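**Student:** This is the content of data_16.txt (compact mmCIF, C-alpha atoms):
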```txt
# COMPACT_ATOMS: atom_id res chain seq x y z
CA MET A 79 3.31 12.12 -55.38
CA ILE A 80 4.67 8.92 -53.85
CA ARG A 81 7.31 6.87 -55.65
CA ARG A 82 9.17 3.68 -54.81
CA VAL A 83 12.97 3.85 -54.69
CA LYS A 84 14.96 0.62 -54.74
CA TYR A 85 17.78 0.20 -52.24
CA ASN A 86 20.58 0.65 -54.77
CA GLU A 87 18.94 3.84 -56.05
CA ILE A 88 18.42 5.54 -52.68
CA ASP A 89 20.18 8.88 -52.18
CA PHE A 90 21.31 8.05 -48.65
CA ALA A 91 22.61 11.57 -48.02
CA LYS A 92 19.10 12.95 -48.63
CA TYR A 93 17.48 10.04 -46.77
CA THR A 94 19.66 10.58 -43.69
CA LYS A 95 19.11 14.33 -43.79
CA CYS A 96 15.35 13.79 -43.92
CA LEU A 97 15.52 11.49 -40.88
CA GLU A 98 17.75 13.83 -38.89
CA ASN A 99 15.51 16.83 -39.55
CA SER A 100 12.28 14.92 -39.02
CA LEU A 101 9.73 15.42 -36.29
CA GLN A 102 9.50 11.64 -35.88
CA LYS A 103 13.14 10.69 -35.24
CA ASN A 104 13.44 6.94 -34.89
CA TRP A 105 16.39 4.64 -34.20
CA TYR A 106 15.12 1.85 -36.42
CA ALA A 107 14.84 3.91 -39.61
CA GLN A 108 18.59 4.56 -39.79
CA LYS A 109 20.34 2.94 -42.74
CA GLU A 110 22.83 1.00 -40.61
CA VAL A 111 20.13 -0.38 -38.31
CA LEU A 112 17.85 -1.43 -41.17
CA ASP A 113 20.79 -3.01 -42.97
CA GLN A 114 21.37 -5.09 -39.85
CA LEU A 115 17.75 -6.02 -39.05
CA SER A 116 16.29 -6.24 -42.54
CA GLY A 117 18.73 -6.87 -45.32
CA ASN A 118 15.88 -6.45 -47.82
CA TRP A 119 14.40 -2.98 -47.71
CA HIS A 120 13.76 0.06 -49.84
CA ILE A 121 11.88 3.34 -49.36
CA LEU A 122 8.84 5.25 -50.49
CA VAL A 123 9.54 8.91 -51.15
CA TYR A 124 7.38 12.02 -51.33
CA GLY A 125 8.77 14.85 -53.48
CA ASP A 126 12.52 15.37 -53.27
CA TYR A 127 12.93 13.40 -50.03
CA GLU A 128 10.56 15.76 -48.24
CA ALA A 129 9.07 12.68 -46.61
CA VAL A 130 10.36 9.10 -46.59
CA MET A 131 9.02 5.73 -45.51
CA PRO A 132 11.23 2.62 -45.20
CA VAL A 133 9.65 -0.69 -46.20
CA HIS A 134 10.96 -4.15 -45.28
CA LEU A 135 10.09 -7.20 -47.43
CA ASP A 136 9.83 -10.82 -46.30
CA ARG A 137 9.46 -13.94 -48.41
CA LYS A 138 7.80 -17.20 -47.37
CA LEU A 139 6.76 -20.10 -49.58
CA GLY A 140 7.76 -18.05 -52.59
CA VAL A 141 5.46 -15.13 -51.70
CA ARG A 142 6.92 -11.67 -51.04
CA PHE A 143 5.13 -9.32 -48.67
CA VAL A 144 5.62 -6.28 -46.45
CA ASN A 145 6.44 -7.08 -42.84
CA MET A 146 8.24 -5.56 -39.88
CA PRO A 147 11.84 -6.69 -39.37
CA LEU A 148 12.35 -8.87 -36.32
CA PHE A 149 13.20 -6.78 -33.20
CA CYS A 150 11.90 -3.59 -34.86
CA GLN A 151 8.83 -2.01 -33.26
CA GLN A 152 8.07 1.07 -35.38
CA LEU A 153 9.04 2.52 -38.76
CA GLY A 154 6.57 4.79 -40.56
CA ILE A 155 6.77 8.17 -42.27
CA PHE A 156 9.45 10.76 -41.56
CA SER A 157 9.23 14.46 -42.42
CA LYS A 158 9.74 17.90 -40.90
CA GLU A 159 6.02 18.26 -40.17
CA GLU A 160 3.17 15.83 -39.68
CA ASN A 161 0.76 16.01 -42.59
CA PRO A 162 -2.13 13.49 -42.43
CA LYS A 163 -3.00 14.07 -46.10
CA ILE A 164 0.51 13.13 -47.22
CA ASN A 165 0.49 10.22 -44.78
CA ASP A 166 -2.76 9.07 -46.39
CA GLN A 167 -0.96 8.96 -49.75
CA PHE A 168 1.77 6.75 -48.31
CA GLN A 169 -0.81 4.44 -46.78
CA HIS A 170 -2.78 4.24 -50.03
CA PHE A 171 0.39 3.45 -52.01
CA LEU A 172 1.35 0.74 -49.52
CA ASN A 173 -2.06 -0.90 -49.69
CA LYS A 174 -2.29 -0.67 -53.49
CA LYS A 175 1.22 -1.75 -54.51
CA TYR A 176 2.11 -4.44 -51.96
CA LEU A 177 0.89 -7.60 -50.34
CA LEU A 178 0.77 -6.51 -46.71
CA PHE A 179 1.42 -8.73 -43.70
CA LEU A 180 2.22 -6.12 -41.02
CA TYR A 181 3.42 -2.54 -41.06
CA CYS A 182 3.84 -0.38 -37.95
CA PHE A 183 3.97 3.38 -38.28
CA ASN A 184 5.58 5.54 -35.59
CA GLN A 185 3.75 7.19 -32.73
CA TYR A 186 3.66 10.60 -34.44
CA ASN A 187 2.05 9.50 -37.71
CA ALA A 188 -1.58 10.60 -38.03
CA PHE A 189 -4.11 9.64 -40.70
CA SER A 190 -7.50 10.90 -41.84
CA ALA A 191 -9.16 7.53 -41.26
CA GLU A 192 -8.92 5.34 -38.19
CA THR A 193 -6.28 2.60 -38.14
CA GLY A 194 -5.47 -0.14 -35.69
CA LYS A 195 -3.50 1.01 -32.64
CA ARG A 196 -0.81 -0.63 -30.59
CA LYS A 197 0.36 0.46 -27.17
CA ASN A 198 3.78 1.68 -26.16
CA TYR A 199 4.94 3.12 -22.83
CA ILE A 200 7.55 5.83 -22.36
CA ILE A 201 8.89 7.74 -19.35
CA PRO A 202 10.04 11.22 -20.46
CA VAL A 203 13.14 12.87 -19.01
CA SER A 204 12.18 13.45 -15.39
CA ASP A 205 13.38 14.15 -11.88
CA TYR A 206 13.74 10.65 -10.42
CA VAL A 207 12.70 11.64 -6.90
CA ILE A 208 9.49 13.27 -8.16
CA LEU A 209 8.84 10.42 -10.60
CA ARG A 210 9.09 7.81 -7.86
CA ARG A 211 7.09 9.81 -5.32
CA LYS A 212 4.26 10.94 -7.59
CA LYS A 213 4.00 8.47 -10.49
CA TYR A 214 5.16 5.06 -9.28
CA PHE A 215 2.29 2.80 -8.30
CA LYS A 216 2.19 2.18 -4.56
CA GLY A 217 2.91 -1.51 -5.03
CA ARG A 218 5.89 -0.80 -7.31
CA LYS A 219 7.41 1.50 -4.69
CA SER A 220 7.12 -1.25 -2.11
CA THR A 221 8.52 -3.92 -4.41
CA ALA A 222 11.51 -1.80 -5.42
CA LYS A 223 12.17 -0.92 -1.79
CA ALA A 224 11.99 -4.58 -0.75
CA ALA A 225 14.61 -5.47 -3.37
CA GLN A 226 17.33 -3.17 -2.04
CA HIS A 227 19.34 -6.17 -0.86
CA LEU A 228 20.22 -6.76 -4.52
CA HIS A 229 23.21 -5.23 -6.27
CA TYR A 230 23.25 -3.34 -9.57
CA LYS A 231 26.01 -3.76 -12.12
CA GLU A 232 26.51 -2.79 -15.75
CA ILE A 233 28.23 -5.59 -17.60
CA GLU A 234 29.87 -6.36 -20.93
CA LEU A 235 28.51 -8.42 -23.80
CA ASN A 236 30.48 -11.64 -23.49
CA GLU A 237 30.02 -15.39 -23.36
CA GLN A 238 28.72 -15.30 -19.78
CA SER A 239 26.11 -12.59 -20.36
CA LEU A 240 25.01 -14.26 -23.62
CA LEU A 241 24.53 -17.58 -21.83
CA PHE A 242 22.32 -15.94 -19.20
CA PHE A 243 20.37 -14.07 -21.87
CA LYS A 244 19.75 -17.10 -24.07
CA GLY A 245 19.04 -19.40 -21.14
CA ASN A 246 16.32 -17.17 -19.71
CA LEU A 247 14.91 -15.53 -22.84
CA LYS A 248 11.32 -16.38 -23.74
CA GLY A 249 9.50 -16.04 -27.05
CA LEU A 250 12.15 -17.06 -29.57
CA SER A 251 11.37 -20.55 -30.78
CA LYS A 252 13.74 -20.62 -33.76
CA GLU A 253 17.50 -20.94 -33.50
CA SER A 254 17.76 -18.64 -36.53
CA ASP A 255 15.91 -15.90 -34.60
CA TRP A 256 18.33 -16.24 -31.70
CA LEU A 257 21.30 -15.96 -34.07
CA LYS A 258 19.79 -12.82 -35.58
CA LEU A 259 19.31 -11.34 -32.10
CA LYS A 260 22.86 -12.30 -31.14
CA ASN A 261 24.24 -10.57 -34.24
CA TYR A 262 22.13 -7.51 -33.47
CA LEU A 263 23.54 -7.38 -29.94
CA PHE A 264 27.09 -7.43 -31.29
CA PHE A 265 26.15 -4.76 -33.82
CA LEU A 266 24.82 -2.57 -31.00
CA SER A 267 27.89 -3.20 -28.89
CA GLU A 268 30.27 -2.35 -31.73
CA ASN A 269 28.38 0.91 -32.27
CA SER A 270 28.39 1.84 -28.56
CA SER A 271 24.60 1.54 -28.51
CA LEU A 272 24.19 -1.36 -26.07
CA LYS A 273 23.82 -1.22 -22.31
CA LEU A 274 23.46 -4.37 -20.20
CA CYS A 275 22.17 -3.70 -16.69
CA GLY A 276 22.11 -6.54 -14.19
CA ALA A 277 20.58 -7.26 -10.81
CA TYR A 278 22.69 -9.55 -8.62
CA PHE A 279 21.72 -11.66 -5.62
CA ASN A 280 24.75 -12.85 -3.65
CA ASP A 281 26.94 -12.33 -6.73
CA ILE A 282 24.50 -14.32 -8.90
CA LEU A 283 23.00 -12.56 -11.93
CA ILE A 284 19.21 -12.92 -11.63
CA SER A 285 17.81 -10.20 -13.92
CA LEU A 286 19.19 -8.50 -17.01
CA ALA A 287 17.86 -5.42 -18.78
CA VAL A 288 19.10 -5.16 -22.37
CA LEU A 289 18.91 -1.56 -23.57
CA VAL A 290 19.39 0.14 -26.91
CA SER A 291 21.04 3.48 -26.16
CA ASP A 292 20.89 6.50 -28.43
CA LYS A 293 21.49 10.19 -27.79
CA GLU A 294 18.10 10.91 -26.24
CA GLN A 295 16.59 7.61 -25.14
CA PHE A 296 17.04 4.15 -23.72
CA SER A 297 14.83 1.50 -25.33
CA LEU A 298 14.19 -1.78 -23.56
CA LEU A 299 15.08 -4.51 -26.05
CA SER A 300 14.56 -7.27 -23.49
CA LEU A 301 14.19 -7.86 -19.76
CA VAL A 302 15.12 -11.42 -18.82
CA ASN A 303 14.88 -13.03 -15.41
CA ASP A 304 16.06 -16.25 -13.79
CA GLU A 305 12.77 -17.83 -12.67
CA ASP A 306 14.53 -19.55 -9.77
CA TYR A 307 14.94 -16.11 -8.18
CA LYS A 308 11.64 -14.48 -9.15
CA ASN A 309 10.75 -13.78 -5.50
CA GLU A 310 13.78 -11.48 -5.24
CA ASN A 311 12.06 -8.90 -7.54
CA GLY A 312 15.12 -8.40 -9.72
CA ALA A 313 13.13 -6.91 -12.61
CA SER A 314 11.65 -4.15 -10.44
CA PHE A 315 15.04 -3.48 -8.87
CA VAL A 316 17.00 -3.15 -12.11
CA ILE A 317 14.45 -0.88 -13.85
CA ASP A 318 14.21 1.31 -10.75
CA ARG A 319 18.00 1.64 -10.56
CA ILE A 320 18.30 2.49 -14.27
CA LEU A 321 15.72 5.24 -13.82
CA GLU A 322 17.51 6.53 -10.74
CA LEU A 323 20.78 6.78 -12.66
CA TYR A 324 19.64 8.02 -16.05
CA ILE A 325 16.07 9.33 -16.29
CA HIS A 326 17.26 12.90 -15.66
CA GLU A 327 19.14 12.82 -18.98
CA LYS A 328 17.40 10.26 -21.20
CA SER A 329 13.82 9.11 -21.66
CA PHE A 330 13.03 5.42 -21.14
CA ASN A 331 11.07 3.54 -23.80
CA PHE A 332 9.60 0.23 -22.57
CA MET A 333 8.88 -0.77 -26.21
CA GLY A 334 5.30 -1.86 -25.57
CA SER A 335 3.59 -5.23 -25.15
CA ASN A 336 0.29 -6.85 -26.05
CA ILE A 337 0.21 -8.68 -22.71
CA ARG A 338 -1.82 -6.84 -20.09
CA GLY A 339 0.31 -7.93 -17.12
CA ILE A 340 3.45 -6.54 -18.80
CA GLN A 341 1.61 -3.31 -19.68
CA VAL A 342 0.69 -2.84 -16.03
CA PHE A 343 4.31 -3.48 -15.05
CA PHE A 344 5.43 -0.70 -17.40
CA LYS A 345 2.76 1.73 -16.22
CA SER A 346 3.64 1.08 -12.59
CA PHE A 347 6.90 3.03 -13.06
CA GLY A 348 4.97 6.09 -14.21
CA ALA A 349 5.30 5.38 -17.93
CA GLU A 350 2.95 7.25 -20.27
CA LEU A 351 0.92 5.59 -23.01
CA HIS A 352 1.99 6.36 -26.60
CA GLU A 353 -0.12 4.55 -29.19
CA TYR A 354 1.05 3.99 -32.75
CA ALA A 355 -0.85 3.05 -35.89
CA PHE A 356 -0.43 -0.25 -37.70
CA LEU A 357 -1.81 -2.07 -40.73
CA GLU A 358 -2.26 -5.83 -40.70
CA ASN A 359 -3.57 -8.53 -43.01
CA LYS A 360 -5.29 -10.90 -40.60
CA ILE A 361 -5.97 -13.54 -43.26
CA LEU A 362 -2.32 -13.63 -44.32
CA LYS A 363 -1.23 -13.62 -40.68
CA ARG A 364 -3.33 -16.70 -39.92
CA PHE A 365 -1.95 -18.46 -42.98
CA TYR A 366 1.73 -17.88 -42.13
CA SER A 367 1.49 -18.14 -38.33
```
Let me see the file written as structure tokens.

**Tutor:**
Amino acid sequence: MIRRVKYNEIDFAKYTKCLENSLQKNWYAQKEVLDQLSGNWHILVYGDYEAVMPVHLDRKLGVRFVNMPLFCQQLGIFSKEENPKINDQFQHFLNKKYLLFLYCFNQYNAFSAETGKRKNYIIPVSDYVILRRKKYFKGRKSTAKAAQHLHYKEIELNEQSLLFFKGNLKGLSKESDWLKLKNYLFFLSENSSLKLCGAYFNDILISLAVLVSDKEQFSLLSLVNDEDYKNENGASFVIDRILELYIHEKSFNFMGSNIRGIQVFFKSFGAELHEYAFLENKILKRFYS
């Protein structure tokens, strides 16, 4: 049976244990991360924390509804084993008890009935030489090779890197969203979970990969480029160098995109498709968009 547990009533020891022992381990479901990105969340629980599902709530124009926190790709159901019948119960509870805007499950969650699917791309731990030789697209090999005049450098989160990031970042129209992202970056840095990887042309930073780093994976939070230097192929260079340095020990999660050109870019490095289920209220989305 599914029950709702308010934030101040959550047994966080049991919640954390469920996450750590789960098949579906996920960075974003951790208490500290959700506290940072959401600030208004609780959980649905099956049994005695045998399965848990974090839920974030938004409020606009006085209406409260389920949504995904900004900068969070997947949440979903966490348990030792995948059980579509139990997952169905969570989904039914969510649909029945809440006004739903958007909820994204994780890539491991399966359901009895079909749901919408979104695309994500991941490179598993690999041998870089084999990855590049066998799985890179031919054009990506050539582009990365042509960019070897650039220099790679891992840098600190400071005023200079923030200025480059903000000045070249696309897609954030609200100053409040930028401030939330900035706070998230400092949160990651303070928790040793941030890696900033830059491509330099004649000592000028032209591309910056912003990565979330956990024990087993790098996740691409953002890849920003100075458009004045787009012909230098900094994006291809910096991703290729990250893979060369780290793919033997950590997988690389591109974090998906709905834009076909970006999807092709991800796939060109040999990334594998990992779809994840989502629920969406299209009427509500049109109203609040």

**Student:** For the atom pair atom CA of Tyr85 of chain A and atom CA of Lys174 of chain A, what is the interatomic distance in Å to one decimal place?

**Tutor:** 20.1 Å

**Student:** Measuring atom to atom with only C-alpha atoms, identify which of A:Arg82, A:His352, A:Lys231, A:Lys248 is nearest to Val316 of chain A.

**Tutor:**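 Selected residue with least distance to Val316 of chain A: A:Lys231.
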
**Student:** Give me, please, the distance in Å between atom CA of Asp281 of chain A and atom CA of Leu241 of chain A, quoted to one decimal.

**Tutor:** 16.2 Å

**Student:** Which residues are close to segment 201-203 of chain A, i.e. within 10 Å by all atoms listed in the file, leaving aside same-chain residues fewer than 5 positions away? Reply as a list in words.

**Tutor:** Leu209, Glu294, Gln295, Phe296, Leu321, Tyr324, Ile325, His326, Glu327, Lys328, Ser329, Phe330, Asn331, Phe332, Phe344, Lys345, Phe347, Gly348, Ala349, Glu350 and Leu351 of chain A

**Student:** Got time to write the residues from that selection, C-alpha atoms, as a compact mmCIF listing (two decimals), in the frame of the given file?

**Tutor:**
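The resulting file, again.txt, is reproduced below:
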```txt
# COMPACT_ATOMS: atom_id res chain seq x y z
CA LEU A 209 8.84 10.42 -10.60
CA GLU A 294 18.10 10.91 -26.24
CA GLN A 295 16.59 7.61 -25.14
CA PHE A 296 17.04 4.15 -23.72
CA LEU A 321 15.72 5.24 -13.82
CA TYR A 324 19.64 8.02 -16.05
CA ILE A 325 16.07 9.33 -16.29
CA HIS A 326 17.26 12.90 -15.66
CA GLU A 327 19.14 12.82 -18.98
CA LYS A 328 17.40 10.26 -21.20
CA SER A 329 13.82 9.11 -21.66
CA PHE A 330 13.03 5.42 -21.14
CA ASN A 331 11.07 3.54 -23.80
CA PHE A 332 9.60 0.23 -22.57
CA PHE A 344 5.43 -0.70 -17.40
CA LYS A 345 2.76 1.73 -16.22
CA PHE A 347 6.90 3.03 -13.06
CA GLY A 348 4.97 6.09 -14.21
CA ALA A 349 5.30 5.38 -17.93
CA GLU A 350 2.95 7.25 -20.27
CA LEU A 351 0.92 5.59 -23.01
```

**Student:** Can you write out as a Markdown table which residues of segment 184-215 of chain A fall within 9 Å of segment 98-120 of chain A, alongside each residue's closest atom pair and its distance in Å to one decimal, counting only C-alpha atoms and ordering rows by chain and ascending residue number?

**Tutor:**
```
| residue | atom | partner | partner_atom | distance |
| --- | --- | --- | --- | --- |
| A:Asn184 | CA | A:Gln102 | CA | 7.3 |
| A:Gln185 | CA | A:Gln102 | CA | 7.9 |
| A:Tyr186 | CA | A:Gln102 | CA | 6.1 |
| A:Asn187 | CA | A:Gln102 | CA | 8.0 |
```

**Student:** Within 12 Å of (3.8, 1.0, -7.2) (file coordinates; only C-alpha atoms), which protein or nucleic acid residues are there? I'd like them as a VMD selection string.

**Tutor:** chain A and resid 209 to 224 314 318 342 to 349

**Student:** Restricting the calculation to only C-alpha atoms: of A:Leu323, A:Leu257, A:Leu250, A:Leu266, which residue gets closest to Glu234 of chain A?

**Tutor:** A:Leu266

**Student:** Please measure the separation of atom CA of Gly339 of chain A and atom CA of Phe179 of chain A, giving the value in Å to one decimal.

**Tutor:**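 Interatomic distance here is 26.6 Å.
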
**Student:** Looking at A:Gln238, A:Met131, A:Val302, A:Gly140, which one is nearest to Phe183 of chain A, with distances taken over only C-alpha atoms?

**Tutor:**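 Answer, going by the shortest atom-to-atom distance: A:Met131.
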
**Student:** Go through A:Phe143, A:Val83, A:Ala225, A:Leu263 and flag the residue nearest Asn173 of chain A, using all atoms listed in the file for the distances.

**Tutor:**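 Residue with the minimum atom-to-atom distance to Asn173 of chain A: A:Phe143.
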
**Student:** Of the residues A:Leu240, A:Cys150, A:Ile340, A:Ala313, which is the one nearest to Leu299 of chain A, using all atoms listed in the file?

**Tutor:** A:Cys150

**Student:** Would you tabulate, counting only C-alpha atoms, all residues of segment 124-184 of chain A that have an atom at most 10 Å from an atom of segment 91-97 of chain A, showing the closest pair of atoms and their distance in Å to one decimal, sorted by chain then ascending number, as CSV?

**Tutor:**
```
residue,atom,partner,partner_atom,distance
A:Asp126,CA,A:Lys92,CA,8.4
A:Tyr127,CA,A:Lys92,CA,6.3
A:Glu128,CA,A:Cys96,CA,6.7
A:Ala129,CA,A:Cys96,CA,6.9
A:Val130,CA,A:Tyr93,CA,7.2
A:Met131,CA,A:Tyr93,CA,9.6
A:Pro132,CA,A:Tyr93,CA,9.8
A:Ile155,CA,A:Leu97,CA,9.5
A:Phe156,CA,A:Leu97,CA,6.2
A:Ser157,CA,A:Cys96,CA,6.3
A:Lys158,CA,A:Cys96,CA,7.6
```

**Student:** Print the selection's residues with C-alpha atoms to a file, as a PDB file, keeping the file's coordinate frame.

**Tutor:**
```
ATOM      1  CA  ASP A 126      12.520  15.370 -53.270  1.00  0.00           C
ATOM      2  CA  TYR A 127      12.930  13.400 -50.030  1.00  0.00           C
ATOM      3  CA  GLU A 128      10.560  15.760 -48.240  1.00  0.00           C
ATOM      4  CA  ALA A 129       9.070  12.680 -46.610  1.00  0.00           C
ATOM      5  CA  VAL A 130      10.360   9.100 -46.590  1.00  0.00           C
ATOM      6  CA  MET A 131       9.020   5.730 -45.510  1.00  0.00           C
ATOM      7  CA  PRO A 132      11.230   2.620 -45.200  1.00  0.00           C
ATOM      8  CA  ILE A 155       6.770   8.170 -42.270  1.00  0.00           C
ATOM      9  CA  PHE A 156       9.450  10.760 -41.560  1.00  0.00           C
ATOM     10  CA  SER A 157       9.230  14.460 -42.420  1.00  0.00           C
ATOM     11  CA  LYS A 158       9.740  17.900 -40.900  1.00  0.00           C
TER      12      LYS A 158
END
```

**Student:** When you count only C-alpha atoms, which of these residues is closest to Tyr206 of chain A: A:Glu322, A:Ile233, A:Pro162, A:Tyr262?

**Tutor:**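 Under the stated criterion, the closest residue is A:Glu322.
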
**Student:** What's around Gly245 of chain A at 10 Å? Count all atoms listed in the file, leave out sequence neighbours fewer than 6 positions away in its own chain, and write the answer as a PyMOL selection string.

**Tutor:** chain A and resi 239+302-304

**Student:** Could you list, as a PyMOL selection string, every residue within 12 Å of Ser270 of chain A, counting all atoms listed in the file and ignoring same-chain residues fewer than 2 positions away?

**Tutor:** chain A and resi 234-235+263-268+272-274+289-293

**Student:** Could you give me, as a PyMOL selection string, the residues that sit within 8 Å of (-2.2, -1.4, -41.2) in the file's coordinates, counting all atoms listed in the file?

**Tutor:** chain A and resi 180-182+193-194+355-359
